[in-house]
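Just structure_30.cif here, mmCIF, N, CA and C atoms:
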data_my_file
loop_
_atom_site.group_PDB
_atom_site.id
_atom_site.type_symbol
_atom_site.label_atom_id
_atom_site.label_comp_id
_atom_site.auth_asym_id
_atom_site.auth_seq_id
_atom_site.Cartn_x
_atom_site.Cartn_y
_atom_site.Cartn_z
ATOM 1 N N MET R 1 6.726 -1.302 65.624
ATOM 2 C CA MET R 1 7.391 -0.636 64.529
ATOM 3 C C MET R 1 8.824 -1.158 64.374
ATOM 4 N N GLY R 2 9.479 -1.483 65.445
ATOM 5 C CA GLY R 2 10.831 -2.020 65.393
ATOM 6 C C GLY R 2 10.870 -3.374 64.721
ATOM 7 N N ASN R 3 9.803 -4.143 64.889
ATOM 8 C CA ASN R 3 9.707 -5.464 64.281
ATOM 9 C C ASN R 3 9.672 -5.367 62.756
ATOM 10 N N GLU R 4 8.941 -4.381 62.242
ATOM 11 C CA GLU R 4 8.849 -4.202 60.793
ATOM 12 C C GLU R 4 10.208 -3.822 60.200
ATOM 13 N N ASP R 5 10.927 -2.943 60.899
ATOM 14 C CA ASP R 5 12.252 -2.544 60.430
ATOM 15 C C ASP R 5 13.206 -3.728 60.399
ATOM 16 N N GLN R 6 13.090 -4.589 61.399
ATOM 17 C CA GLN R 6 13.955 -5.765 61.459
ATOM 18 C C GLN R 6 13.637 -6.713 60.303
ATOM 19 N N LYS R 7 12.350 -6.873 59.993
ATOM 20 C CA LYS R 7 11.957 -7.742 58.888
ATOM 21 C C LYS R 7 12.472 -7.191 57.559
ATOM 22 N N LYS R 8 12.392 -5.852 57.378
ATOM 23 C CA LYS R 8 12.907 -5.233 56.152
ATOM 24 C C LYS R 8 14.409 -5.443 56.032
ATOM 25 N N ALA R 9 15.117 -5.310 57.155
ATOM 26 C CA ALA R 9 16.566 -5.497 57.148
ATOM 27 C C ALA R 9 16.927 -6.934 56.785
ATOM 28 N N GLU R 10 16.186 -7.895 57.331
ATOM 29 C CA GLU R 10 16.444 -9.306 57.005
ATOM 30 C C GLU R 10 16.164 -9.580 55.531
ATOM 31 N N LYS R 11 15.095 -8.967 55.018
ATOM 32 C CA LYS R 11 14.753 -9.161 53.620
ATOM 33 C C LYS R 11 15.847 -8.593 52.716
ATOM 34 N N THR R 12 16.343 -7.413 53.030
ATOM 35 C CA THR R 12 17.414 -6.783 52.262
ATOM 36 C C THR R 12 18.691 -7.607 52.347
ATOM 37 N N THR R 13 19.023 -8.081 53.540
ATOM 38 C CA THR R 13 20.218 -8.897 53.717
ATOM 39 C C THR R 13 20.118 -10.175 52.897
ATOM 40 N N GLY R 14 18.931 -10.757 52.851
ATOM 41 C CA GLY R 14 18.718 -11.955 52.043
ATOM 42 C C GLY R 14 18.964 -11.690 50.572
ATOM 43 N N ARG R 15 18.514 -10.528 50.099
ATOM 44 C CA ARG R 15 18.744 -10.168 48.694
ATOM 45 C C ARG R 15 20.228 -9.987 48.416
ATOM 46 N N LEU R 16 20.922 -9.329 49.331
ATOM 47 C CA LEU R 16 22.351 -9.104 49.136
ATOM 48 C C LEU R 16 23.122 -10.415 49.144
ATOM 49 N N SER R 17 22.769 -11.309 50.059
ATOM 50 C CA SER R 17 23.490 -12.580 50.091
ATOM 51 C C SER R 17 23.175 -13.405 48.847
ATOM 52 N N ARG R 18 21.952 -13.279 48.336
ATOM 53 C CA ARG R 18 21.596 -13.985 47.101
ATOM 54 C C ARG R 18 22.417 -13.410 45.946
ATOM 55 N N TYR R 19 22.567 -12.078 45.917
ATOM 56 C CA TYR R 19 23.364 -11.446 44.872
ATOM 57 C C TYR R 19 24.811 -11.901 44.966
ATOM 58 N N LYS R 20 25.313 -12.021 46.183
ATOM 59 C CA LYS R 20 26.694 -12.451 46.379
ATOM 60 C C LYS R 20 26.871 -13.895 45.893
ATOM 61 N N ARG R 21 25.851 -14.728 46.108
ATOM 62 C CA ARG R 21 25.937 -16.108 45.645
ATOM 63 C C ARG R 21 25.965 -16.170 44.118
ATOM 64 N N LEU R 22 25.313 -15.227 43.456
ATOM 65 C CA LEU R 22 25.271 -15.218 42.005
ATOM 66 C C LEU R 22 26.400 -14.399 41.395
ATOM 67 N N SER R 23 27.382 -14.058 42.182
ATOM 68 C CA SER R 23 28.424 -13.128 41.761
ATOM 69 C C SER R 23 29.271 -13.559 40.567
ATOM 70 N N PRO R 24 29.462 -14.832 40.230
ATOM 71 C CA PRO R 24 30.279 -15.122 39.055
ATOM 72 C C PRO R 24 29.726 -14.533 37.765
ATOM 73 N N ASP R 25 28.436 -14.229 37.705
ATOM 74 C CA ASP R 25 27.851 -13.663 36.502
ATOM 75 C C ASP R 25 27.885 -12.140 36.485
ATOM 76 N N ARG R 26 28.489 -11.534 37.479
ATOM 77 C CA ARG R 26 28.524 -10.071 37.552
ATOM 78 C C ARG R 26 29.176 -9.445 36.335
ATOM 79 N N GLY R 27 30.192 -10.053 35.788
ATOM 80 C CA GLY R 27 30.935 -9.454 34.685
ATOM 81 C C GLY R 27 30.371 -9.740 33.310
ATOM 82 N N SER R 28 29.263 -10.443 33.230
ATOM 83 C CA SER R 28 28.711 -10.822 31.934
ATOM 84 C C SER R 28 28.333 -9.617 31.087
ATOM 85 N N PHE R 29 27.724 -8.610 31.694
ATOM 86 C CA PHE R 29 27.289 -7.440 30.934
ATOM 87 C C PHE R 29 28.490 -6.719 30.330
ATOM 88 N N ASP R 30 29.506 -6.472 31.136
ATOM 89 C CA ASP R 30 30.698 -5.785 30.631
ATOM 90 C C ASP R 30 31.350 -6.589 29.506
ATOM 91 N N PHE R 31 31.430 -7.879 29.694
ATOM 92 C CA PHE R 31 32.040 -8.748 28.693
ATOM 93 C C PHE R 31 31.256 -8.690 27.379
ATOM 94 N N LEU R 32 29.932 -8.742 27.464
ATOM 95 C CA LEU R 32 29.110 -8.706 26.260
ATOM 96 C C LEU R 32 29.183 -7.346 25.559
ATOM 97 N N VAL R 33 29.273 -6.278 26.321
ATOM 98 C CA VAL R 33 29.448 -4.953 25.721
ATOM 99 C C VAL R 33 30.778 -4.904 24.973
ATOM 100 N N GLY R 34 31.813 -5.460 25.569
ATOM 101 C CA GLY R 34 33.114 -5.521 24.907
ATOM 102 C C GLY R 34 33.062 -6.327 23.622
ATOM 103 N N LEU R 35 32.327 -7.432 23.642
ATOM 104 C CA LEU R 35 32.178 -8.229 22.419
ATOM 105 C C LEU R 35 31.398 -7.454 21.362
ATOM 106 N N GLY R 36 30.429 -6.670 21.801
ATOM 107 C CA GLY R 36 29.681 -5.836 20.855
ATOM 108 C C GLY R 36 30.573 -4.807 20.187
ATOM 109 N N PHE R 37 31.422 -4.148 20.981
ATOM 110 C CA PHE R 37 32.372 -3.185 20.403
ATOM 111 C C PHE R 37 33.336 -3.885 19.443
ATOM 112 N N THR R 38 33.762 -5.076 19.797
ATOM 113 C CA THR R 38 34.676 -5.833 18.937
ATOM 114 C C THR R 38 34.002 -6.193 17.621
ATOM 115 N N THR R 39 32.765 -6.640 17.702
ATOM 116 C CA THR R 39 32.022 -7.000 16.492
ATOM 117 C C THR R 39 31.810 -5.787 15.599
ATOM 118 N N TYR R 40 31.379 -4.688 16.209
ATOM 119 C CA TYR R 40 31.160 -3.465 15.439
ATOM 120 C C TYR R 40 32.467 -2.988 14.802
ATOM 121 N N GLY R 41 33.542 -2.999 15.560
ATOM 122 C CA GLY R 41 34.836 -2.588 15.032
ATOM 123 C C GLY R 41 35.299 -3.490 13.903
ATOM 124 N N GLY R 42 35.091 -4.783 14.071
ATOM 125 C CA GLY R 42 35.480 -5.727 13.020
ATOM 126 C C GLY R 42 34.670 -5.542 11.749
ATOM 127 N N LEU R 43 33.379 -5.299 11.909
ATOM 128 C CA LEU R 43 32.533 -5.101 10.727
ATOM 129 C C LEU R 43 32.880 -3.797 10.007
ATOM 130 N N THR R 44 33.122 -2.741 10.761
ATOM 131 C CA THR R 44 33.498 -1.481 10.100
ATOM 132 C C THR R 44 34.870 -1.606 9.442
ATOM 133 N N MET R 45 35.752 -2.356 10.045
ATOM 134 C CA MET R 45 37.077 -2.567 9.457
ATOM 135 C C MET R 45 36.946 -3.348 8.142
ATOM 136 N N ALA R 46 36.084 -4.354 8.142
ATOM 137 C CA ALA R 46 35.916 -5.176 6.947
ATOM 138 C C ALA R 46 35.198 -4.426 5.831
ATOM 139 N N THR R 47 34.209 -3.600 6.185
ATOM 140 C CA THR R 47 33.432 -2.936 5.150
ATOM 141 C C THR R 47 34.003 -1.588 4.732
ATOM 142 N N LEU R 48 34.448 -0.795 5.689
ATOM 143 C CA LEU R 48 34.911 0.558 5.375
ATOM 144 C C LEU R 48 36.432 0.674 5.301
ATOM 145 N N GLY R 49 37.126 -0.276 5.866
ATOM 146 C CA GLY R 49 38.583 -0.248 5.827
ATOM 147 C C GLY R 49 39.214 0.599 6.917
ATOM 148 N N SER R 50 38.409 1.056 7.862
ATOM 149 C CA SER R 50 38.980 1.822 8.983
ATOM 150 C C SER R 50 38.321 1.376 10.281
ATOM 151 N N LEU R 51 39.060 1.547 11.342
ATOM 152 C CA LEU R 51 38.570 1.105 12.652
ATOM 153 C C LEU R 51 38.149 2.310 13.482
ATOM 154 N N CYS R 52 37.020 2.197 14.114
ATOM 155 C CA CYS R 52 36.515 3.249 15.004
ATOM 156 C C CYS R 52 37.462 3.361 16.209
ATOM 157 N N PRO R 53 38.018 4.550 16.477
ATOM 158 C CA PRO R 53 38.948 4.682 17.603
ATOM 159 C C PRO R 53 38.316 4.333 18.953
ATOM 160 N N ALA R 54 37.051 4.655 19.119
ATOM 161 C CA ALA R 54 36.372 4.311 20.378
ATOM 162 C C ALA R 54 36.284 2.798 20.545
ATOM 163 N N CYS R 55 36.065 2.089 19.451
ATOM 164 C CA CYS R 55 35.985 0.622 19.519
ATOM 165 C C CYS R 55 37.342 0.023 19.883
ATOM 166 N N ALA R 56 38.393 0.597 19.340
ATOM 167 C CA ALA R 56 39.737 0.088 19.611
ATOM 168 C C ALA R 56 40.116 0.259 21.079
ATOM 169 N N ILE R 57 39.582 1.289 21.721
ATOM 170 C CA ILE R 57 39.891 1.537 23.131
ATOM 171 C C ILE R 57 38.902 0.843 24.053
ATOM 172 N N ALA R 58 37.615 0.925 23.711
ATOM 173 C CA ALA R 58 36.571 0.424 24.608
ATOM 174 C C ALA R 58 36.493 -1.099 24.660
ATOM 175 N N ALA R 59 36.708 -1.760 23.539
ATOM 176 C CA ALA R 59 36.550 -3.213 23.502
ATOM 177 C C ALA R 59 37.459 -3.931 24.499
ATOM 178 N N PRO R 60 38.772 -3.685 24.499
ATOM 179 C CA PRO R 60 39.611 -4.394 25.469
ATOM 180 C C PRO R 60 39.320 -4.002 26.922
ATOM 181 N N ILE R 61 38.906 -2.742 27.116
ATOM 182 C CA ILE R 61 38.593 -2.302 28.484
ATOM 183 C C ILE R 61 37.385 -3.071 29.015
ATOM 184 N N PHE R 62 36.320 -3.135 28.219
ATOM 185 C CA PHE R 62 35.112 -3.828 28.678
ATOM 186 C C PHE R 62 35.324 -5.335 28.801
ATOM 187 N N ILE R 63 36.033 -5.920 27.863
ATOM 188 C CA ILE R 63 36.288 -7.363 27.940
ATOM 189 C C ILE R 63 37.127 -7.682 29.168
ATOM 190 N N GLY R 64 38.181 -6.897 29.398
ATOM 191 C CA GLY R 64 39.026 -7.118 30.581
ATOM 192 C C GLY R 64 38.271 -6.905 31.873
ATOM 193 N N SER R 65 37.439 -5.883 31.916
ATOM 194 C CA SER R 65 36.644 -5.605 33.116
ATOM 195 C C SER R 65 35.671 -6.747 33.392
ATOM 196 N N GLY R 66 35.023 -7.235 32.349
ATOM 197 C CA GLY R 66 34.082 -8.344 32.522
ATOM 198 C C GLY R 66 34.755 -9.615 33.001
ATOM 199 N N LEU R 67 35.917 -9.914 32.412
ATOM 200 C CA LEU R 67 36.640 -11.118 32.827
ATOM 201 C C LEU R 67 37.140 -10.988 34.263
ATOM 202 N N TYR R 68 37.626 -9.799 34.621
ATOM 203 C CA TYR R 68 38.109 -9.582 35.984
ATOM 204 C C TYR R 68 36.971 -9.759 36.995
ATOM 205 N N LYS R 69 35.822 -9.149 36.716
ATOM 206 C CA LYS R 69 34.684 -9.273 37.634
ATOM 207 C C LYS R 69 34.222 -10.721 37.752
ATOM 208 N N ARG R 70 34.221 -11.419 36.632
ATOM 209 C CA ARG R 70 33.771 -12.814 36.652
ATOM 210 C C ARG R 70 34.735 -13.690 37.458
ATOM 211 N N LEU R 71 36.036 -13.526 37.222
ATOM 212 C CA LEU R 71 37.021 -14.326 37.950
ATOM 213 C C LEU R 71 37.031 -13.983 39.436
ATOM 214 N N LYS R 72 36.887 -12.699 39.754
ATOM 215 C CA LYS R 72 36.831 -12.284 41.156
ATOM 216 C C LYS R 72 35.588 -12.846 41.825
ATOM 217 N N GLY R 73 34.479 -12.845 41.116
ATOM 218 C CA GLY R 73 33.244 -13.409 41.659
ATOM 219 C C GLY R 73 33.360 -14.903 41.918
ATOM 220 N N GLN R 74 34.012 -15.616 41.022
ATOM 221 C CA GLN R 74 34.213 -17.051 41.217
ATOM 222 C C GLN R 74 35.129 -17.318 42.401
ATOM 223 N N ALA R 75 36.177 -16.492 42.544
ATOM 224 C CA ALA R 75 37.089 -16.661 43.682
ATOM 225 C C ALA R 75 36.368 -16.376 44.993
ATOM 226 N N ASP R 76 35.514 -15.331 45.003
ATOM 227 C CA ASP R 76 34.742 -15.024 46.209
ATOM 228 C C ASP R 76 33.798 -16.156 46.559
ATOM 229 N N LEU R 77 33.198 -16.759 45.534
ATOM 230 C CA LEU R 77 32.274 -17.859 45.762
ATOM 231 C C LEU R 77 32.999 -19.070 46.340
ATOM 232 N N LYS R 78 34.191 -19.372 45.819
ATOM 233 C CA LYS R 78 34.974 -20.489 46.355
ATOM 234 C C LYS R 78 35.386 -20.214 47.797
ATOM 235 N N LYS R 79 35.778 -18.976 48.074
ATOM 236 C CA LYS R 79 36.177 -18.595 49.413
ATOM 237 C C LYS R 79 34.993 -18.708 50.376
ATOM 238 N N GLU R 80 33.804 -18.332 49.905
ATOM 239 C CA GLU R 80 32.618 -18.414 50.735
ATOM 240 C C GLU R 80 32.265 -19.870 51.032
ATOM 241 N N LYS R 81 32.468 -20.762 50.079
ATOM 242 C CA LYS R 81 32.177 -22.180 50.309
ATOM 243 C C LYS R 81 33.148 -22.786 51.323
ATOM 244 N N ARG R 82 34.401 -22.313 51.306
ATOM 245 C CA ARG R 82 35.405 -22.849 52.232
ATOM 246 C C ARG R 82 35.256 -22.328 53.651
ATOM 247 N N SER R 83 34.704 -21.121 53.801
ATOM 248 C CA SER R 83 34.607 -20.538 55.149
ATOM 249 C C SER R 83 33.545 -21.254 55.968
ATOM 250 N N PRO R 84 33.815 -21.532 57.233
ATOM 251 C CA PRO R 84 32.875 -22.285 58.066
ATOM 252 C C PRO R 84 31.732 -21.429 58.617
ATOM 253 N N VAL R 85 31.670 -20.172 58.277
ATOM 254 C CA VAL R 85 30.645 -19.281 58.825
ATOM 255 C C VAL R 85 29.317 -19.571 58.293
#
This structure in structure tokens:
Amino acid sequence: MGNEDQKKAEKTTGRLSRYKRLSPDRGSFDFLVGLGFTTYGGLTMATLGSLCPACAIAAPIFIGSGLYKRLKGQADLKKEKRSPV
């Protein structure tokens, strides 16, 4: 029974390390949501002449969050490549 638990732990660790290797794309979802809010806000501004207050607040937050996560993920990846472990 201990052997099975060890195999599950190794499998989970493998998934986590794979996720860590793919980390530069972590911020893509947030960034795309921010672009969606920007597009929606721009279209409503062009057609109706007013900007949705939620779009004005949410768009920069999501875009900034996505860019931060992406840059942090790239820095972590570079750091991982440099470490001799």
Shortest interatomic distance to Phe31 (chain R) - which of R:Leu77, R:Leu67, R:Ala54, R:Met45, counting all atoms listed in the file: R:Leu67
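Nearest residue to Gly41 (chain R) among R:Leu71, R:Pro53, R:Lys81, R:Phe62 is R:Pro53, counting all atoms listed in the file.
For the point (36.4, -9.3, 26.0), the residues with an atom at a distance of at most 8 Å are Asp30, Phe31, Leu32, Val33, Gly34, Leu35, Gly36, Thr38, Ala59, Pro60, Ile61, Phe62, Ile63, Gly64, Ser65, Gly66 and Leu67 of chain R, counting all atoms listed in the file.
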- line: Here atom C of Phe37 (chain R) and atom N of Asp76 (chain R) stand apart by 28.1 Å
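In this model, the gap between CA of Ala58 (chain R) and atom C of Gly42 (chain R) comes to 14.3 Å.
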